[in-house]
file my_file.tsv (TSV, N, CA and C atoms)
chain	number	residue	atom	x	y	z
A	21	MET	N	-81.38	-90.46	36.01
A	21	MET	CA	-80.61	-90.21	34.81
A	21	MET	C	-80.21	-91.56	34.20
A	22	VAL	N	-80.45	-91.69	32.95
A	22	VAL	CA	-80.15	-92.92	32.23
A	22	VAL	C	-78.87	-92.71	31.43
A	23	LEU	N	-77.94	-93.64	31.60
A	23	LEU	CA	-76.68	-93.54	30.87
A	23	LEU	C	-76.85	-94.19	29.50
A	24	GLU	N	-76.29	-93.54	28.53
A	24	GLU	CA	-76.34	-94.09	27.18
A	24	GLU	C	-75.33	-95.22	27.04
A	25	GLY	N	-75.49	-96.02	26.00
A	25	GLY	CA	-74.62	-97.17	25.76
A	25	GLY	C	-73.15	-96.82	25.68
A	26	ARG	N	-72.84	-95.72	25.01
A	26	ARG	CA	-71.42	-95.33	24.87
A	26	ARG	C	-70.80	-94.99	26.22
A	27	GLU	N	-71.56	-94.27	27.04
A	27	GLU	CA	-71.02	-93.89	28.34
A	27	GLU	C	-70.85	-95.13	29.23
A	28	MET	N	-71.78	-96.05	29.14
A	28	MET	CA	-71.66	-97.30	29.90
A	28	MET	C	-70.42	-98.07	29.45
A	29	ASP	N	-70.18	-98.12	28.13
A	29	ASP	CA	-68.99	-98.79	27.61
A	29	ASP	C	-67.73	-98.11	28.11
A	30	ARG	N	-67.74	-96.78	28.12
A	30	ARG	CA	-66.57	-96.02	28.59
A	30	ARG	C	-66.30	-96.31	30.06
A	31	ILE	N	-67.35	-96.33	30.87
A	31	ILE	CA	-67.20	-96.63	32.29
A	31	ILE	C	-66.68	-98.06	32.48
A	32	GLY	N	-67.23	-98.99	31.70
A	32	GLY	CA	-66.78	-100.38	31.77
A	32	GLY	C	-65.32	-100.52	31.40
A	33	THR	N	-64.90	-99.83	30.34
A	33	THR	CA	-63.50	-99.87	29.91
A	33	THR	C	-62.59	-99.28	30.98
A	34	THR	N	-63.01	-98.16	31.57
A	34	THR	CA	-62.22	-97.52	32.63
A	34	THR	C	-62.07	-98.46	33.82
A	35	MET	N	-63.14	-99.12	34.19
A	35	MET	CA	-63.08	-100.05	35.33
A	35	MET	C	-62.19	-101.24	35.01
A	36	GLN	N	-62.23	-101.72	33.78
A	36	GLN	CA	-61.37	-102.84	33.39
A	36	GLN	C	-59.90	-102.42	33.45
A	37	LYS	N	-59.59	-101.21	33.00
A	37	LYS	CA	-58.21	-100.72	33.05
A	37	LYS	C	-57.73	-100.61	34.49
A	38	LYS	N	-58.58	-100.08	35.37
A	38	LYS	CA	-58.20	-99.94	36.78
A	38	LYS	C	-58.00	-101.31	37.42
A	39	ALA	N	-58.87	-102.26	37.09
A	39	ALA	CA	-58.74	-103.61	37.63
A	39	ALA	C	-57.44	-104.26	37.16
A	40	ALA	N	-57.12	-104.08	35.89
A	40	ALA	CA	-55.87	-104.64	35.35
A	40	ALA	C	-54.66	-104.00	36.02
A	41	GLU	N	-54.74	-102.70	36.26
A	41	GLU	CA	-53.65	-101.98	36.92
A	41	GLU	C	-53.47	-102.49	38.35
A	42	LEU	N	-54.57	-102.68	39.07
A	42	LEU	CA	-54.49	-103.21	40.43
A	42	LEU	C	-53.96	-104.64	40.45
A	43	GLU	N	-54.34	-105.43	39.48
A	43	GLU	CA	-53.85	-106.81	39.39
A	43	GLU	C	-52.35	-106.82	39.14
A	44	ARG	N	-51.87	-105.94	38.25
A	44	ARG	CA	-50.44	-105.84	37.97
A	44	ARG	C	-49.68	-105.41	39.23
A	45	LEU	N	-50.23	-104.44	39.95
A	45	LEU	CA	-49.59	-103.98	41.18
A	45	LEU	C	-49.51	-105.11	42.20
A	46	ALA	N	-50.57	-105.89	42.32
A	46	ALA	CA	-50.56	-107.03	43.25
A	46	ALA	C	-49.49	-108.04	42.85
A	47	GLU	N	-49.36	-108.30	41.56
A	47	GLU	CA	-48.33	-109.23	41.08
A	47	GLU	C	-46.94	-108.71	41.41
A	48	VAL	N	-46.72	-107.41	41.23
A	48	VAL	CA	-45.42	-106.81	41.54
A	48	VAL	C	-45.12	-106.95	43.03
A	49	LEU	N	-46.11	-106.69	43.87
A	49	LEU	CA	-45.90	-106.80	45.31
A	49	LEU	C	-45.60	-108.24	45.74
A	50	VAL	N	-46.31	-109.19	45.17
A	50	VAL	CA	-46.07	-110.60	45.49
A	50	VAL	C	-44.68	-111.00	45.03
A	51	THR	N	-44.30	-110.60	43.83
A	51	THR	CA	-42.97	-110.91	43.31
A	51	THR	C	-41.89	-110.30	44.19
A	52	GLY	N	-42.10	-109.06	44.61
A	52	GLY	CA	-41.14	-108.40	45.49
A	52	GLY	C	-40.99	-109.11	46.82
A	53	GLU	N	-42.10	-109.58	47.38
A	53	GLU	CA	-42.05	-110.30	48.65
A	53	GLU	C	-41.35	-111.64	48.49
A	54	GLN	N	-41.63	-112.33	47.39
A	54	GLN	CA	-40.95	-113.61	47.13
A	54	GLN	C	-39.44	-113.39	46.99
A	55	LEU	N	-39.06	-112.34	46.29
A	55	LEU	CA	-37.64	-112.03	46.13
A	55	LEU	C	-37.00	-111.71	47.47
A	56	ARG	N	-37.69	-110.92	48.28
A	56	ARG	CA	-37.16	-110.56	49.59
A	56	ARG	C	-36.90	-111.80	50.43
A	57	LEU	N	-37.84	-112.73	50.44
A	57	LEU	CA	-37.66	-113.96	51.21
A	57	LEU	C	-36.48	-114.78	50.70
A	58	ARG	N	-36.35	-114.90	49.40
A	58	ARG	CA	-35.23	-115.66	48.82
A	58	ARG	C	-33.90	-115.00	49.14
A	59	LEU	N	-33.86	-113.68	49.10
A	59	LEU	CA	-32.61	-112.96	49.38
A	59	LEU	C	-32.24	-113.04	50.86
A	60	HIS	N	-33.24	-113.06	51.74
A	60	HIS	CA	-32.96	-113.25	53.17
A	60	HIS	C	-32.39	-114.64	53.40
A	61	GLU	N	-32.99	-115.65	52.77
A	61	GLU	CA	-32.50	-117.02	52.91
A	61	GLU	C	-31.07	-117.14	52.41
A	62	GLY	N	-30.75	-116.44	51.34
A	62	GLY	CA	-29.41	-116.48	50.76
A	62	GLY	C	-28.42	-115.55	51.44
A	63	LYS	N	-28.85	-114.91	52.52
A	63	LYS	CA	-28.00	-113.99	53.29
A	63	LYS	C	-27.50	-112.80	52.47
A	64	VAL	N	-28.24	-112.46	51.41
A	64	VAL	CA	-27.87	-111.27	50.63
A	64	VAL	C	-28.41	-110.03	51.34
A	65	ILE	N	-29.61	-110.16	51.90
A	65	ILE	CA	-30.20	-109.06	52.68
A	65	ILE	C	-29.85	-109.28	54.14
A	66	LYS	N	-29.26	-108.26	54.73
A	66	LYS	CA	-28.91	-108.31	56.15
A	66	LYS	C	-28.59	-106.91	56.63
A	67	ASP	N	-28.43	-106.75	57.92
A	67	ASP	CA	-28.04	-105.45	58.46
A	67	ASP	C	-26.59	-105.21	58.06
A	68	ARG	N	-26.31	-103.98	57.64
A	68	ARG	CA	-24.95	-103.65	57.18
A	68	ARG	C	-24.48	-102.36	57.81
A	69	ARG	N	-23.17	-102.30	58.02
A	69	ARG	CA	-22.56	-101.07	58.53
A	69	ARG	C	-21.84	-100.38	57.39
A	70	HIS	N	-22.03	-99.07	57.32
A	70	HIS	CA	-21.38	-98.27	56.29
A	70	HIS	C	-21.13	-96.89	56.88
A	71	HIS	N	-19.88	-96.48	56.93
A	71	HIS	CA	-19.50	-95.19	57.53
A	71	HIS	C	-20.08	-95.03	58.93
A	72	LEU	N	-19.85	-96.03	59.77
A	72	LEU	CA	-20.24	-96.04	61.18
A	72	LEU	C	-21.75	-96.00	61.41
A	73	ARG	N	-22.52	-96.30	60.40
A	73	ARG	CA	-23.97	-96.33	60.53
A	73	ARG	C	-24.47	-97.71	60.13
A	74	THR	N	-25.46	-98.24	60.86
A	74	THR	CA	-26.04	-99.54	60.54
A	74	THR	C	-27.32	-99.33	59.74
A	75	TYR	N	-27.39	-100.03	58.62
A	75	TYR	CA	-28.58	-99.99	57.77
A	75	TYR	C	-29.24	-101.36	57.84
A	76	PRO	N	-30.48	-101.44	58.37
A	76	PRO	CA	-31.14	-102.74	58.48
A	76	PRO	C	-31.70	-103.22	57.14
A	77	ASN	N	-31.73	-104.53	56.97
A	77	ASN	CA	-32.33	-105.16	55.79
A	77	ASN	C	-31.85	-104.56	54.48
A	78	CYS	N	-30.56	-104.55	54.29
A	78	CYS	CA	-29.96	-103.96	53.09
A	78	CYS	C	-29.17	-105.00	52.31
A	79	PHE	N	-28.80	-104.62	51.12
A	79	PHE	CA	-27.93	-105.45	50.31
A	79	PHE	C	-27.01	-104.55	49.51
A	80	VAL	N	-25.90	-105.13	49.11
A	80	VAL	CA	-24.96	-104.43	48.23
A	80	VAL	C	-25.33	-104.82	46.80
A	81	ALA	N	-25.43	-103.84	45.95
A	81	ALA	CA	-25.90	-104.07	44.57
A	81	ALA	C	-25.08	-105.15	43.87
A	82	LYS	N	-23.77	-105.12	44.03
A	82	LYS	CA	-22.92	-106.10	43.36
A	82	LYS	C	-23.26	-107.52	43.82
A	83	GLU	N	-23.55	-107.67	45.11
A	83	GLU	CA	-23.91	-108.99	45.64
A	83	GLU	C	-25.23	-109.48	45.06
A	84	LEU	N	-26.19	-108.56	44.87
A	84	LEU	CA	-27.46	-108.96	44.28
A	84	LEU	C	-27.27	-109.34	42.81
A	85	ILE	N	-26.43	-108.61	42.11
A	85	ILE	CA	-26.13	-108.95	40.72
A	85	ILE	C	-25.54	-110.35	40.64
A	86	ASP	N	-24.58	-110.61	41.51
A	86	ASP	CA	-23.97	-111.96	41.55
A	86	ASP	C	-25.02	-113.02	41.87
A	87	TRP	N	-25.90	-112.73	42.83
A	87	TRP	CA	-26.95	-113.68	43.22
A	87	TRP	C	-27.90	-113.94	42.06
A	88	LEU	N	-28.32	-112.89	41.36
A	88	LEU	CA	-29.23	-113.06	40.22
A	88	LEU	C	-28.61	-113.96	39.15
A	89	ILE	N	-27.32	-113.79	38.91
A	89	ILE	CA	-26.64	-114.61	37.90
A	89	ILE	C	-26.48	-116.04	38.41
A	90	GLU	N	-26.03	-116.22	39.66
A	90	GLU	CA	-25.84	-117.55	40.24
A	90	GLU	C	-27.14	-118.36	40.25
A	91	HIS	N	-28.25	-117.69	40.52
A	91	HIS	CA	-29.55	-118.38	40.63
A	91	HIS	C	-30.32	-118.35	39.31
A	92	LYS	N	-29.61	-118.03	38.24
A	92	LYS	CA	-30.17	-118.08	36.88
A	92	LYS	C	-31.40	-117.20	36.69
A	93	GLU	N	-31.48	-116.12	37.47
A	93	GLU	CA	-32.53	-115.12	37.27
A	93	GLU	C	-32.10	-114.14	36.18
A	94	ALA	N	-30.80	-114.09	35.93
A	94	ALA	CA	-30.23	-113.25	34.88
A	94	ALA	C	-29.10	-114.02	34.23
A	95	SER	N	-28.97	-113.83	32.93
A	95	SER	CA	-27.94	-114.57	32.20
A	95	SER	C	-26.57	-113.90	32.28
A	96	ASP	N	-26.56	-112.59	32.49
A	96	ASP	CA	-25.30	-111.85	32.55
A	96	ASP	C	-25.48	-110.58	33.37
A	97	ARG	N	-24.38	-109.86	33.55
A	97	ARG	CA	-24.37	-108.66	34.38
A	97	ARG	C	-25.33	-107.59	33.85
A	98	ASP	N	-25.33	-107.36	32.54
A	98	ASP	CA	-26.20	-106.34	31.97
A	98	ASP	C	-27.67	-106.66	32.21
A	99	THR	N	-28.04	-107.91	32.07
A	99	THR	CA	-29.43	-108.31	32.32
A	99	THR	C	-29.77	-108.13	33.79
A	100	ALA	N	-28.85	-108.49	34.67
A	100	ALA	CA	-29.07	-108.32	36.11
A	100	ALA	C	-29.28	-106.85	36.46
A	101	ILE	N	-28.51	-105.98	35.85
A	101	ILE	CA	-28.66	-104.54	36.11
A	101	ILE	C	-30.02	-104.06	35.61
A	102	LYS	N	-30.45	-104.56	34.47
A	102	LYS	CA	-31.78	-104.18	33.95
A	102	LYS	C	-32.88	-104.66	34.89
A	103	ILE	N	-32.72	-105.86	35.43
A	103	ILE	CA	-33.70	-106.38	36.40
A	103	ILE	C	-33.73	-105.47	37.63
A	104	MET	N	-32.55	-105.10	38.11
A	104	MET	CA	-32.50	-104.24	39.28
A	104	MET	C	-33.12	-102.87	38.99
A	105	GLN	N	-32.92	-102.37	37.78
A	105	GLN	CA	-33.54	-101.09	37.42
A	105	GLN	C	-35.06	-101.21	37.44
A	106	LYS	N	-35.57	-102.34	36.96
A	106	LYS	CA	-37.03	-102.56	37.00
A	106	LYS	C	-37.52	-102.64	38.44
A	107	LEU	N	-36.75	-103.29	39.30
A	107	LEU	CA	-37.11	-103.35	40.71
A	107	LEU	C	-37.15	-101.96	41.33
A	108	LEU	N	-36.20	-101.12	40.94
A	108	LEU	CA	-36.21	-99.73	41.39
A	108	LEU	C	-37.42	-98.99	40.86
A	109	ASP	N	-37.69	-99.15	39.57
A	109	ASP	CA	-38.81	-98.45	38.93
A	109	ASP	C	-40.14	-98.84	39.58
A	110	GLN	N	-40.25	-100.09	40.03
A	110	GLN	CA	-41.49	-100.58	40.65
A	110	GLN	C	-41.49	-100.36	42.17
A	111	SER	N	-40.48	-99.70	42.69
A	111	SER	CA	-40.36	-99.39	44.12
A	111	SER	C	-40.27	-100.64	44.99
A	112	ILE	N	-39.73	-101.72	44.43
A	112	ILE	CA	-39.50	-102.92	45.22
A	112	ILE	C	-38.20	-102.76	45.99
A	113	ILE	N	-37.22	-102.14	45.37
A	113	ILE	CA	-35.98	-101.77	46.06
A	113	ILE	C	-35.83	-100.26	45.95
A	114	HIS	N	-34.99	-99.72	46.78
A	114	HIS	CA	-34.74	-98.28	46.71
A	114	HIS	C	-33.31	-97.99	47.11
A	115	HIS	N	-32.85	-96.85	46.67
A	115	HIS	CA	-31.52	-96.37	47.03
A	115	HIS	C	-31.73	-95.16	47.91
A	116	GLY	N	-30.93	-95.04	48.91
A	116	GLY	CA	-31.07	-93.91	49.83
A	116	GLY	C	-31.04	-92.56	49.15
A	117	LYS	N	-30.32	-92.45	48.07
A	117	LYS	CA	-30.23	-91.18	47.35
A	117	LYS	C	-31.10	-91.19	46.10
A	118	ALA	N	-31.88	-92.25	45.90
A	118	ALA	CA	-32.79	-92.39	44.76
A	118	ALA	C	-32.08	-92.25	43.41
A	119	GLU	N	-30.81	-92.67	43.38
A	119	GLU	CA	-30.07	-92.62	42.11
A	119	GLU	C	-30.43	-93.84	41.28
A	120	MET	N	-30.36	-93.69	40.00
A	120	MET	CA	-30.66	-94.80	39.11
A	120	MET	C	-29.37	-95.57	38.81
A	121	PHE	N	-29.50	-96.85	38.52
A	121	PHE	CA	-28.35	-97.68	38.22
A	121	PHE	C	-27.61	-97.20	36.99
A	122	VAL	N	-28.33	-96.57	36.09
A	122	VAL	CA	-27.69	-96.08	34.87
A	122	VAL	C	-26.52	-95.16	35.24
A	123	TYR	N	-26.70	-94.37	36.28
A	123	TYR	CA	-25.69	-93.39	36.66
A	123	TYR	C	-24.61	-93.96	37.57
A	124	VAL	N	-24.91	-95.04	38.28
A	124	VAL	CA	-23.94	-95.53	39.27
A	124	VAL	C	-23.38	-96.89	38.89
A	125	GLU	N	-23.65	-97.33	37.69
A	125	GLU	CA	-23.29	-98.69	37.28
A	125	GLU	C	-21.82	-99.01	37.55
A	126	GLU	N	-20.91	-98.09	37.26
A	126	GLU	CA	-19.50	-98.41	37.41
A	126	GLU	C	-19.08	-98.49	38.88
A	127	ARG	N	-19.92	-98.02	39.80
A	127	ARG	CA	-19.57	-98.07	41.21
A	127	ARG	C	-20.57	-98.91	42.00
A	128	LEU	N	-21.23	-99.85	41.36
A	128	LEU	CA	-22.29	-100.62	42.00
A	128	LEU	C	-21.88	-101.25	43.32
A	129	GLY	N	-20.67	-101.75	43.39
A	129	GLY	CA	-20.24	-102.44	44.60
A	129	GLY	C	-20.22	-101.56	45.83
A	130	GLU	N	-20.17	-100.25	45.66
A	130	GLU	CA	-20.09	-99.35	46.78
A	130	GLU	C	-21.45	-98.99	47.37
A	131	PHE	N	-22.52	-99.30	46.67
A	131	PHE	CA	-23.83	-98.82	47.07
A	131	PHE	C	-24.60	-99.85	47.86
A	132	ILE	N	-25.11	-99.41	48.96
A	132	ILE	CA	-25.97	-100.24	49.78
A	132	ILE	C	-27.40	-99.81	49.49
A	133	LEU	N	-28.23	-100.78	49.17
A	133	LEU	CA	-29.61	-100.49	48.84
A	133	LEU	C	-30.53	-101.22	49.79
A	134	GLY	N	-31.73	-100.71	49.95
A	134	GLY	CA	-32.70	-101.35	50.81
A	134	GLY	C	-33.79	-102.01	49.98
A	135	ILE	N	-34.47	-102.93	50.61
A	135	ILE	CA	-35.60	-103.54	49.93
A	135	ILE	C	-36.85	-103.10	50.67
A	136	ASN	N	-37.84	-102.66	49.93
A	136	ASN	CA	-39.08	-102.18	50.54
A	136	ASN	C	-39.86	-103.36	51.10
A	137	VAL	N	-40.30	-103.20	52.31
A	137	VAL	CA	-41.03	-104.28	52.97
A	137	VAL	C	-42.47	-103.88	53.16

call {"tool": "encode", "arguments": {"input": "my_file.tsv", "output": "structure tokens"}}
result
Amino acid sequence: MVLEGREMDRIGTTMQKKAAELERLAEVLVTGEQLRLRLHEGKVIKDRRHHLRTYPNCFVAKELIDWLIEHKEASDRDTAIKIMQKLLDQSIIHHGKAEMFVYVEERLGEFILGINV
């Protein structure tokens, strides 16, 4: 079976889109790993106790917001929250209850979140 030019172009375009998607995913994973290492070095990520339970490799959202601002990754609190939301959306970090920051913003300091490894 011989493929026509249009179908070959369509297949080529589809493959280019998939390659670009995989490249973006790889960049996200590398960025997430780099962030994890920096946060471990800064002692933001560590084992934490909350309601008599220990959560390994966790951070408190407020502490990460402060860290992002201190290390000039974000210019202000709102930008830091947007960055954290993107990290959630990309599954680099997660919340045990899968709540979005939009809903818990006023209580950020109370939430312990994990970083995906």

call {"tool": "closest_atom_pairs", "arguments": {"input": "my_file.tsv", "of": "range 31-67 of chain A", "to": "range 85-104 of chain A", "cutoff": "12 Å", "atoms": "only C-alpha atoms", "output": "tab-separated table"}}
result
residue	atom	partner	partner_atom	distance
A:Gly52	CA	A:Met104	CA	11.4
A:Leu55	CA	A:Leu88	CA	10.3
A:Arg58	CA	A:Trp87	CA	10.2
A:Leu59	CA	A:Trp87	CA	8.4
A:His60	CA	A:Trp87	CA	11.6
A:Glu61	CA	A:Trp87	CA	11.7
A:Gly62	CA	A:Trp87	CA	8.4
A:Lys63	CA	A:Trp87	CA	10.1
A:Val64	CA	A:Trp87	CA	7.8
A:Ile65	CA	A:Trp87	CA	11.0

call {"tool": "write_last_selection", "arguments": {"input": "my_file.tsv", "atoms": "N, CA and C atoms", "output": "PDB file, in the frame of the given file"}}
result
ATOM      1  N   GLY A  52     -42.100-109.060  44.610  1.00  0.00           N
ATOM      2  CA  GLY A  52     -41.140-108.400  45.490  1.00  0.00           C
ATOM      3  C   GLY A  52     -40.990-109.110  46.820  1.00  0.00           C
ATOM      4  N   LEU A  55     -39.060-112.340  46.290  1.00  0.00           N
ATOM      5  CA  LEU A  55     -37.640-112.030  46.130  1.00  0.00           C
ATOM      6  C   LEU A  55     -37.000-111.710  47.470  1.00  0.00           C
ATOM      7  N   ARG A  58     -36.350-114.900  49.400  1.00  0.00           N
ATOM      8  CA  ARG A  58     -35.230-115.660  48.820  1.00  0.00           C
ATOM      9  C   ARG A  58     -33.900-115.000  49.140  1.00  0.00           C
ATOM     10  N   LEU A  59     -33.860-113.680  49.100  1.00  0.00           N
ATOM     11  CA  LEU A  59     -32.610-112.960  49.380  1.00  0.00           C
ATOM     12  C   LEU A  59     -32.240-113.040  50.860  1.00  0.00           C
ATOM     13  N   HIS A  60     -33.240-113.060  51.740  1.00  0.00           N
ATOM     14  CA  HIS A  60     -32.960-113.250  53.170  1.00  0.00           C
ATOM     15  C   HIS A  60     -32.390-114.640  53.400  1.00  0.00           C
ATOM     16  N   GLU A  61     -32.990-115.650  52.770  1.00  0.00           N
ATOM     17  CA  GLU A  61     -32.500-117.020  52.910  1.00  0.00           C
ATOM     18  C   GLU A  61     -31.070-117.140  52.410  1.00  0.00           C
ATOM     19  N   GLY A  62     -30.750-116.440  51.340  1.00  0.00           N
ATOM     20  CA  GLY A  62     -29.410-116.480  50.760  1.00  0.00           C
ATOM     21  C   GLY A  62     -28.420-115.550  51.440  1.00  0.00           C
ATOM     22  N   LYS A  63     -28.850-114.910  52.520  1.00  0.00           N
ATOM     23  CA  LYS A  63     -28.000-113.990  53.290  1.00  0.00           C
ATOM     24  C   LYS A  63     -27.500-112.800  52.470  1.00  0.00           C
ATOM     25  N   VAL A  64     -28.240-112.460  51.410  1.00  0.00           N
ATOM     26  CA  VAL A  64     -27.870-111.270  50.630  1.00  0.00           C
ATOM     27  C   VAL A  64     -28.410-110.030  51.340  1.00  0.00           C
ATOM     28  N   ILE A  65     -29.610-110.160  51.900  1.00  0.00           N
ATOM     29  CA  ILE A  65     -30.200-109.060  52.680  1.00  0.00           C
ATOM     30  C   ILE A  65     -29.850-109.280  54.140  1.00  0.00           C
TER      31      ILE A  65
END

call {"tool": "atom_distance", "arguments": {"input": "my_file.tsv", "atom1": "atom N of Tyr75 in chain A", "atom2": "CA of Ile113 in chain A"}}
result
15.3 Å

call {"tool": "atom_distance", "arguments": {"input": "my_file.tsv", "atom1": "atom N of Cys78 in chain A", "atom2": "atom C of Ala46 in chain A"}}
result
22.4 Å

call {"tool": "select_by_dssp", "arguments": {"input": "my_file.tsv", "residues": "range 24-126 of chain A", "states": "helix (DSSP H, G or I)", "output": "ChimeraX atom specification"}}
result
/A:25-61,81-90,97-109,121-126
